[in-house]
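Data from upload21.cif: mmCIF, C-alpha atoms
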```cif
data_coords
loop_
_atom_site.group_PDB
_atom_site.id
_atom_site.type_symbol
_atom_site.label_atom_id
_atom_site.label_comp_id
_atom_site.auth_asym_id
_atom_site.auth_seq_id
_atom_site.Cartn_x
_atom_site.Cartn_y
_atom_site.Cartn_z
ATOM 1 C CA MET A 118 1.289 18.538 -7.999
ATOM 2 C CA ARG A 119 0.960 20.836 -5.022
ATOM 3 C CA HIS A 120 1.520 17.899 -2.634
ATOM 4 C CA ILE A 121 5.083 17.469 -3.944
ATOM 5 C CA LYS A 122 6.160 20.434 -1.822
ATOM 6 C CA PHE A 123 6.130 18.223 1.282
ATOM 7 C CA PHE A 124 9.076 16.168 0.138
ATOM 8 C CA ILE A 125 11.001 18.974 -1.518
ATOM 9 C CA LEU A 126 10.514 21.498 1.286
ATOM 10 C CA ASN A 127 10.143 19.303 4.317
ATOM 11 C CA ILE A 128 12.174 16.295 3.260
ATOM 12 C CA PHE A 129 14.423 17.438 6.098
ATOM 13 C CA ILE A 130 11.602 16.958 8.581
ATOM 14 C CA VAL A 131 10.824 13.320 7.808
ATOM 15 C CA LEU A 132 13.280 11.685 5.430
ATOM 16 C CA TRP A 133 16.360 12.502 7.457
ATOM 17 C CA PHE A 134 14.986 11.590 10.884
ATOM 18 C CA ILE A 135 17.011 8.428 10.757
ATOM 19 C CA PRO A 136 19.713 7.126 13.113
ATOM 20 C CA SER A 137 22.796 5.593 11.517
ATOM 21 C CA ALA A 138 26.282 4.440 12.429
ATOM 22 C CA HIS A 139 28.467 6.560 14.697
ATOM 23 C CA SER A 140 31.929 7.355 13.316
ATOM 24 C CA GLU A 141 34.747 8.282 15.687
ATOM 25 C CA ASN A 142 37.229 9.922 13.279
ATOM 26 C CA PRO A 143 35.919 12.335 12.111
ATOM 27 C CA PRO A 144 33.310 12.608 14.916
ATOM 28 C CA TYR A 145 30.391 12.394 12.459
ATOM 29 C CA SER A 146 30.059 10.714 9.078
ATOM 30 C CA PHE A 147 29.046 13.958 7.369
ATOM 31 C CA LEU A 148 32.232 15.841 8.428
ATOM 32 C CA PRO A 149 34.424 17.541 7.390
ATOM 33 C CA HIS A 150 32.305 18.026 4.246
ATOM 34 C CA GLU A 151 29.332 16.347 2.607
ATOM 35 C CA GLU A 152 27.095 17.142 -0.372
ATOM 36 C CA VAL A 153 24.002 15.156 -1.331
ATOM 37 C CA LYS A 154 21.462 15.605 -4.115
ATOM 38 C CA LEU A 155 18.033 13.977 -3.938
ATOM 39 C CA GLU A 156 15.628 13.667 -6.857
ATOM 40 C CA VAL A 157 11.892 13.631 -6.171
ATOM 41 C CA PHE A 158 9.394 11.803 -8.398
ATOM 42 C CA TYR A 159 5.616 12.063 -8.170
ATOM 43 C CA ASN A 160 3.086 9.561 -9.463
ATOM 44 C CA TRP A 161 0.665 11.666 -11.475
ATOM 45 C CA SER A 162 -2.098 9.450 -12.894
ATOM 46 C CA PHE A 163 -0.231 6.704 -14.787
ATOM 47 C CA LEU A 164 3.020 8.666 -15.085
ATOM 48 C CA TRP A 165 6.045 9.148 -12.831
ATOM 49 C CA VAL A 166 7.093 12.793 -13.072
ATOM 50 C CA HIS A 167 10.462 14.201 -12.009
ATOM 51 C CA ALA A 168 9.010 16.986 -9.883
ATOM 52 C CA GLY A 169 11.927 18.519 -7.976
ATOM 53 C CA ASN A 170 15.382 18.308 -6.460
ATOM 54 C CA ALA A 171 16.821 18.832 -2.980
ATOM 55 C CA TYR A 172 20.469 19.682 -2.196
ATOM 56 C CA LEU A 173 22.013 19.206 1.252
ATOM 57 C CA LYS A 174 25.483 20.278 2.397
ATOM 58 C CA ALA A 175 27.460 20.077 5.629
ATOM 59 C CA ASP A 176 30.817 21.623 6.554
ATOM 60 C CA THR A 177 32.662 22.998 9.582
ATOM 61 C CA THR A 178 32.689 26.631 10.737
ATOM 62 C CA MET A 179 33.253 28.840 13.782
ATOM 63 C CA TYR A 180 30.148 30.468 15.292
ATOM 64 C CA LYS A 181 30.619 33.018 18.058
ATOM 65 C CA GLY A 182 33.929 31.400 18.927
ATOM 66 C CA VAL A 183 32.454 27.884 19.069
ATOM 67 C CA LYS A 184 33.604 25.082 16.764
ATOM 68 C CA SER A 185 30.453 24.219 14.854
ATOM 69 C CA VAL A 186 29.017 22.504 11.819
ATOM 70 C CA ARG A 187 26.972 24.417 9.245
ATOM 71 C CA PHE A 188 24.151 22.767 7.329
ATOM 72 C CA THR A 189 22.399 24.124 4.245
ATOM 73 C CA ALA A 190 19.442 22.654 2.393
ATOM 74 C CA ASP A 191 17.861 23.974 -0.792
ATOM 75 C CA GLY A 192 14.832 22.668 -2.652
ATOM 76 C CA TYR A 193 13.461 23.588 -6.072
ATOM 77 C CA SER A 194 10.633 22.446 -8.284
ATOM 78 C CA VAL A 195 11.605 21.434 -11.823
ATOM 79 C CA LYS A 196 11.154 24.540 -13.982
ATOM 80 C CA LYS A 197 8.794 22.960 -16.492
ATOM 81 C CA TRP A 198 6.281 22.431 -13.641
ATOM 82 C CA ASP A 199 6.573 25.940 -12.187
ATOM 83 C CA PHE A 200 3.418 27.057 -13.988
ATOM 84 C CA ILE A 201 1.482 24.562 -11.835
ATOM 85 C CA PHE A 202 3.262 25.026 -8.522
ATOM 86 C CA LYS A 203 6.579 26.857 -8.171
ATOM 87 C CA LEU A 204 8.694 26.015 -5.168
ATOM 88 C CA GLU A 205 11.951 27.442 -3.850
ATOM 89 C CA ASP A 206 13.195 26.770 -0.320
ATOM 90 C CA HIS A 207 16.369 27.610 1.587
ATOM 91 C CA TYR A 208 17.401 26.381 5.040
ATOM 92 C CA THR A 209 20.523 27.131 7.110
ATOM 93 C CA ALA A 210 21.420 25.689 10.508
ATOM 94 C CA ILE A 211 24.507 25.921 12.704
ATOM 95 C CA SER A 212 25.115 23.389 15.471
ATOM 96 C CA GLN A 213 27.797 23.028 18.099
ATOM 97 C CA ILE A 214 29.881 19.907 17.451
ATOM 98 C CA LYS A 215 30.566 18.782 21.032
ATOM 99 C CA PRO A 216 28.044 18.455 22.464
ATOM 100 C CA PHE A 217 25.910 18.351 19.332
ATOM 101 C CA ARG A 218 23.154 20.942 19.791
ATOM 102 C CA PRO A 219 21.614 23.677 17.609
ATOM 103 C CA LEU A 220 22.812 27.285 17.870
ATOM 104 C CA PHE A 221 21.157 29.041 14.912
ATOM 105 C CA TYR A 222 18.486 28.267 12.329
ATOM 106 C CA GLU A 223 16.929 30.183 9.435
ATOM 107 C CA LYS A 224 14.243 29.128 6.978
ATOM 108 C CA ASN A 225 13.180 30.998 3.827
ATOM 109 C CA THR A 226 10.558 29.196 1.761
ATOM 110 C CA MET A 227 8.278 30.104 -1.120
ATOM 111 C CA GLU A 228 5.542 27.690 -2.168
ATOM 112 C CA GLY A 229 3.233 28.747 -4.945
ATOM 113 C CA GLY A 230 3.299 32.364 -3.819
ATOM 114 C CA TYR A 231 3.081 31.562 -0.089
ATOM 115 C CA TRP A 232 6.244 32.456 1.815
ATOM 116 C CA ILE A 233 7.557 31.719 5.330
ATOM 117 C CA HIS A 234 10.563 33.173 7.152
ATOM 118 C CA ASN A 235 11.826 31.807 10.489
ATOM 119 C CA ILE A 236 14.912 32.624 12.583
ATOM 120 C CA TYR A 237 15.850 30.820 15.833
ATOM 121 C CA HIS A 238 18.680 31.662 18.238
ATOM 122 C CA PHE A 239 19.424 28.927 20.805
ATOM 123 C CA ASP A 240 20.974 30.104 24.085
ATOM 124 C CA TRP A 241 22.012 27.034 26.089
ATOM 125 C CA LYS A 242 23.604 29.034 28.907
ATOM 126 C CA GLU A 243 20.363 30.863 29.657
ATOM 127 C CA ASN A 244 18.173 27.913 28.553
ATOM 128 C CA ARG A 245 16.069 29.985 26.223
ATOM 129 C CA ILE A 246 15.329 30.210 22.526
ATOM 130 C CA LYS A 247 14.607 33.446 20.697
ATOM 131 C CA VAL A 248 12.040 32.851 17.964
ATOM 132 C CA PHE A 249 11.209 35.132 15.040
ATOM 133 C CA THR A 250 8.565 33.978 12.556
ATOM 134 C CA GLU A 251 6.659 35.682 9.754
ATOM 135 C CA SER A 252 4.676 34.532 6.749
ATOM 136 C CA LYS A 253 2.318 35.810 4.078
ATOM 137 C CA ARG A 254 -0.779 34.801 6.068
ATOM 138 C CA ARG A 255 0.350 35.243 9.678
ATOM 139 C CA PRO A 256 1.594 38.280 11.605
ATOM 140 C CA VAL A 257 5.156 38.628 12.843
ATOM 141 C CA VAL A 258 6.002 36.801 16.093
ATOM 142 C CA ASP A 259 9.165 37.876 17.920
ATOM 143 C CA THR A 260 9.409 36.216 21.318
ATOM 144 C CA VAL A 261 11.488 34.112 23.715
ATOM 145 C CA TYR A 262 10.620 30.615 24.998
ATOM 146 C CA ASN A 263 12.162 28.394 27.631
ATOM 147 C CA LEU A 264 14.609 26.033 25.953
ATOM 148 C CA LYS A 265 13.420 22.467 26.387
ATOM 149 C CA LYS A 266 15.984 19.662 26.419
ATOM 150 C CA PRO A 267 16.521 18.074 24.029
ATOM 151 C CA LEU A 268 15.199 20.285 21.231
ATOM 152 C CA PHE A 269 16.198 20.638 17.599
ATOM 153 C CA ASP A 270 15.296 22.563 14.511
ATOM 154 C CA VAL A 271 14.337 20.372 11.562
ATOM 155 C CA LEU A 272 17.722 20.598 9.858
ATOM 156 C CA SER A 273 20.035 20.005 12.816
ATOM 157 C CA ALA A 274 17.820 17.090 13.915
ATOM 158 C CA THR A 275 18.284 15.290 10.625
ATOM 159 C CA TYR A 276 22.033 15.239 11.049
ATOM 160 C CA TYR A 277 22.091 14.652 14.797
ATOM 161 C CA LEU A 278 20.109 11.448 14.445
ATOM 162 C CA ARG A 279 22.622 10.185 11.901
ATOM 163 C CA THR A 280 25.142 9.989 14.750
ATOM 164 C CA LEU A 281 23.115 7.428 16.703
ATOM 165 C CA ASN A 282 23.992 3.751 16.609
ATOM 166 C CA THR A 283 21.358 1.455 15.119
ATOM 167 C CA ASP A 284 23.119 -1.580 16.607
ATOM 168 C CA THR A 285 21.411 -0.713 19.889
ATOM 169 C CA LEU A 286 17.933 -0.754 18.305
ATOM 170 C CA ALA A 287 15.522 -3.663 18.109
ATOM 171 C CA ILE A 288 12.922 -4.075 15.386
ATOM 172 C CA GLY A 289 9.862 -2.037 16.344
ATOM 173 C CA ASP A 290 11.746 0.474 18.478
ATOM 174 C CA VAL A 291 10.391 4.005 18.138
ATOM 175 C CA ILE A 292 12.620 7.079 18.050
ATOM 176 C CA PRO A 293 10.902 10.309 19.222
ATOM 177 C CA VAL A 294 12.241 13.545 17.734
ATOM 178 C CA PRO A 295 11.410 16.792 19.621
ATOM 179 C CA LEU A 296 11.376 19.800 17.288
ATOM 180 C CA ILE A 297 10.507 23.431 16.921
ATOM 181 C CA THR A 298 9.086 24.091 13.468
ATOM 182 C CA ASP A 299 7.425 27.316 12.320
ATOM 183 C CA GLY A 300 7.468 28.437 15.951
ATOM 184 C CA GLN A 301 5.558 25.377 17.163
ATOM 185 C CA PHE A 302 6.832 22.561 19.418
ATOM 186 C CA VAL A 303 6.124 19.097 17.989
ATOM 187 C CA THR A 304 7.421 15.523 18.233
ATOM 188 C CA TYR A 305 7.842 13.150 15.287
ATOM 189 C CA ASN A 306 8.160 9.390 15.717
ATOM 190 C CA ILE A 307 10.165 7.002 13.515
ATOM 191 C CA SER A 308 10.014 3.201 13.774
ATOM 192 C CA TYR A 309 13.059 0.979 13.162
ATOM 193 C CA ASP A 310 12.160 -1.916 10.839
ATOM 194 C CA GLY A 311 15.519 -3.712 10.826
ATOM 195 C CA THR A 312 17.796 -4.307 7.848
ATOM 196 C CA GLY A 313 17.003 -4.948 4.218
ATOM 197 C CA VAL A 314 18.711 -5.200 0.834
ATOM 198 C CA LEU A 315 17.852 -2.583 -1.772
ATOM 199 C CA LYS A 316 18.286 -3.726 -5.386
ATOM 200 C CA ARG A 317 18.602 -1.206 -8.192
ATOM 201 C CA HIS A 318 20.744 -0.763 -11.321
ATOM 202 C CA ASN A 319 22.099 -4.282 -10.803
ATOM 203 C CA LYS A 320 23.504 -3.289 -7.425
ATOM 204 C CA LYS A 321 22.698 -4.529 -3.932
ATOM 205 C CA ILE A 322 23.072 -2.308 -0.876
ATOM 206 C CA VAL A 323 22.478 -3.436 2.700
ATOM 207 C CA CYS A 324 20.310 -0.800 4.381
ATOM 208 C CA ASN A 325 18.687 0.109 7.651
ATOM 209 C CA VAL A 326 14.957 0.427 7.021
ATOM 210 C CA PHE A 327 12.665 2.867 8.818
ATOM 211 C CA SER A 328 9.023 3.877 8.613
ATOM 212 C CA ALA A 329 7.077 6.863 9.835
ATOM 213 C CA ILE A 330 4.367 6.566 12.444
ATOM 214 C CA VAL A 331 1.565 8.713 11.066
ATOM 215 C CA SER A 332 -1.831 9.339 12.632
ATOM 216 C CA LYS A 333 -4.673 11.551 11.443
ATOM 217 C CA SER A 334 -2.672 12.852 8.504
ATOM 218 C CA THR A 335 -4.256 14.891 5.713
ATOM 219 C CA PHE A 336 -1.216 14.193 3.511
ATOM 220 C CA PHE A 337 -0.117 10.575 4.006
ATOM 221 C CA SER A 338 -2.179 7.506 3.209
ATOM 222 C CA ALA A 339 -3.051 5.259 6.145
ATOM 223 C CA ASP A 340 -1.448 2.273 4.330
ATOM 224 C CA ASN A 341 2.366 2.187 4.411
ATOM 225 C CA PRO A 342 2.691 5.976 4.558
ATOM 226 C CA LEU A 343 6.501 6.281 4.466
ATOM 227 C CA LYS A 344 9.443 3.884 4.086
ATOM 228 C CA ILE A 345 13.092 4.960 4.149
ATOM 229 C CA TYR A 346 16.315 3.104 3.256
ATOM 230 C CA VAL A 347 19.678 4.218 4.678
ATOM 231 C CA SER A 348 22.981 2.589 3.726
ATOM 232 C CA ARG A 349 24.241 0.404 6.560
ATOM 233 C CA ASP A 350 27.875 1.442 6.242
ATOM 234 C CA PRO A 351 30.042 4.422 7.255
ATOM 235 C CA ARG A 352 28.486 6.644 4.554
ATOM 236 C CA ASN A 353 25.042 6.644 6.231
ATOM 237 C CA PHE A 354 23.398 7.907 3.052
ATOM 238 C CA ILE A 355 19.698 7.949 2.308
ATOM 239 C CA ILE A 356 19.510 5.746 -0.768
ATOM 240 C CA TYR A 357 15.775 5.605 -1.366
ATOM 241 C CA ALA A 358 12.433 6.579 0.148
ATOM 242 C CA GLU A 359 8.860 5.938 -0.873
ATOM 243 C CA ALA A 360 5.571 7.318 0.378
ATOM 244 C CA ASN A 361 1.908 6.681 -0.252
ATOM 245 C CA ILE A 362 -0.037 9.912 0.043
ATOM 246 C CA VAL A 363 -3.708 10.742 -0.173
ATOM 247 C CA VAL A 364 -3.321 11.618 -3.859
ATOM 248 C CA GLY A 365 -0.700 9.478 -5.605
ATOM 249 C CA SER A 366 2.739 8.301 -4.530
ATOM 250 C CA ILE A 367 6.225 9.757 -4.126
ATOM 251 C CA LYS A 368 9.677 8.262 -4.642
ATOM 252 C CA VAL A 369 12.954 9.889 -3.616
ATOM 253 C CA TYR A 370 16.360 8.756 -4.893
ATOM 254 C CA GLN A 371 19.867 9.804 -4.095
ATOM 255 C CA GLU A 372 21.069 10.999 -7.494
ATOM 256 C CA GLY A 373 24.405 9.180 -7.343
ATOM 257 C CA TYR A 374 22.865 5.856 -6.370
ATOM 258 C CA LYS A 375 23.816 4.028 -9.562
ATOM 259 C CA TYR A 376 27.455 4.990 -8.968
ATOM 260 C CA TYR A 377 27.306 4.110 -5.294
ATOM 261 C CA LYS A 378 30.025 1.794 -3.982
ATOM 262 C CA PRO A 379 29.162 0.279 -0.602
ATOM 263 C CA LEU A 380 31.848 0.508 2.065
ATOM 264 C CA ARG A 381 32.440 -2.037 4.816
ATOM 265 C CA VAL A 382 29.090 -3.422 5.979
ATOM 266 C CA ARG A 383 28.576 -3.650 9.727
ATOM 267 C CA LYS A 384 27.537 -7.089 10.933
#
```
What is this file in structure tokens?
Amino acid sequence: MRHIKFFILNIFIVLWFIPSAHSENPPYSFLPHEEVKLEVFYNWSFLWVHAGNAYLKADTTMYKGVKSVRFTADGYSVKKWDFIFKLEDHYTAISQIKPFRPLFYEKNTMEGGYWIHNIYHFDWKENRIKVFTESKRRPVVDTVYNLKKPLFDVLSATYYLRTLNTDTLAIGDVIPVPLITDGQFVTYNISYDGTGVLKRHNKKIVCNVFSAIVSKSTFFSADNPLKIYVSRDPRNFIIYAEANIVVGSIKVYQEGYKYYKPLRVRK
């Protein structure tokens, strides 16, 4: 059960690193307001267990006089499994709308008694980022780094990549994602696998399909580690994701999938 935390806490790191259609009015598909609930299921022996939920929201705000978009993400384990591994995570990010770039990020997570707290302030005029990190097992770090371009926190990156146009991608193209996470600079890579049709609840949805490029992972299996389906229409929603991990498997569904009505499909 402890491995479920990856998708509930860090679903924003991998599942949402997906480019989708660009919408001109409003400037992004998730504005002026969007709310999404994801349900996480874990394959425990011969059973599929509803292990947790993740909630993501986006809306507009003003930040230090700059027109911005505010993102929040919250993840919780299902209460009946808290005795095994209790999880509660909260993320907030604020990004400038034009150009789209992060301004502020805060992470508060608690995983089975282990907690992490991060705060980032992005200063694009001075090209620096102020980083504050603390956790149960590591001392406080309060420092300033040079601001590399481009660079995102995990939450702003998930939404930024939804503004990219998949029509310019060919099957096999790899999208690198430069991030700062827990005070460390890393790059994740996502491969575009083309389009596919997802069938569920007697519905068919045309999707863009992506997979993670994983090497030397202690969490993911080497065989088909992560597959992600995103609606190929102006909604740009994650409909479904599946992952093979070292111990078991994980499935993630958008809760409202069975009520989902596809919009105009891009050809």
Length of the atom CA of Asn170 of chain A to atom CA of Asp191 of chain A vector [Å]: 8.4 Å
Within 6 Å of segment 153-159 of chain A using only C-alpha atoms, minus same-chain residues under 3 positions, as a PyMOL selection string: chain A and resi 165-173+366-372
Nearest-residue call for Thr177 of chain A, choices A:Ile211, A:Leu204, A:Val195, A:Leu164, using all atoms listed in the file: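 Going through A:Ile211, A:Leu204, A:Val195, A:Leu164 one by one, the smallest distance to Thr177 of chain A is for A:Ile211.
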Of the listed residues A:Ala274, A:Asn282, A:Leu315, A:Glu243, that which approaches Pro295 of chain A most closely, counting all atoms listed in the file: A:Ala274
Contact residues around Ile292 of chain A with only C-alpha atoms at 7 Å, ignoring same-chain residues under 2 positions, as a ChimeraX atom specification: /A:290,294,306-308
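Residue nearest Asn361 of chain A within the list A:Asn160, A:Ser146, A:Thr250, A:Ser194: A:Asn160 [criterion: smallest interatomic distance, all atoms listed in the file].
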Explicit residues for the PyMOL selection byres ((chain A and resi 232-234) around 10) (as a list in words):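 Evaluating the PyMOL selection byres ((chain A and resi 232-234) around 10) on these coordinates yields Leu204, Glu205, Asp206, His207, Tyr208, Glu223, Lys224, Asn225, Thr226, Met227, Glu228, Gly229, Gly230, Tyr231, Asn235, Ile236, Phe249, Thr250, Glu251, Ser252, Lys253, Arg254, Arg255, Val257 and Asp299 of chain A.
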If you take every atom of segment 217-225 of chain A that the file lists and fit an axis-aligned box around them with 4 Å extra on each side, what centre and edge lengths come out in Å to one decimal, as AutoDock Vina command-line options?
```
--center_x 19.5 --center_y 24.7 --center_z 11.8 --size_x 20.7 --size_y 20.6 --size_z 24.0
```
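Our summary of the geometry notes that atom CA of Leu286 of chain A is positioned 27.8 Å from atom CA of Ala210 of chain A.
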Length of the atom CA of Asp350 of chain A to atom CA of Leu220 of chain A vector [Å]: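 So the two atoms, atom CA of Asp350 of chain A and atom CA of Leu220 of chain A, lie 28.8 Å apart.
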Proximity to Val261 of chain A - best of A:Ser212, A:Leu281, A:Phe239, A:Ser273, all atoms listed in the file: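 Closest candidate: A:Phe239.
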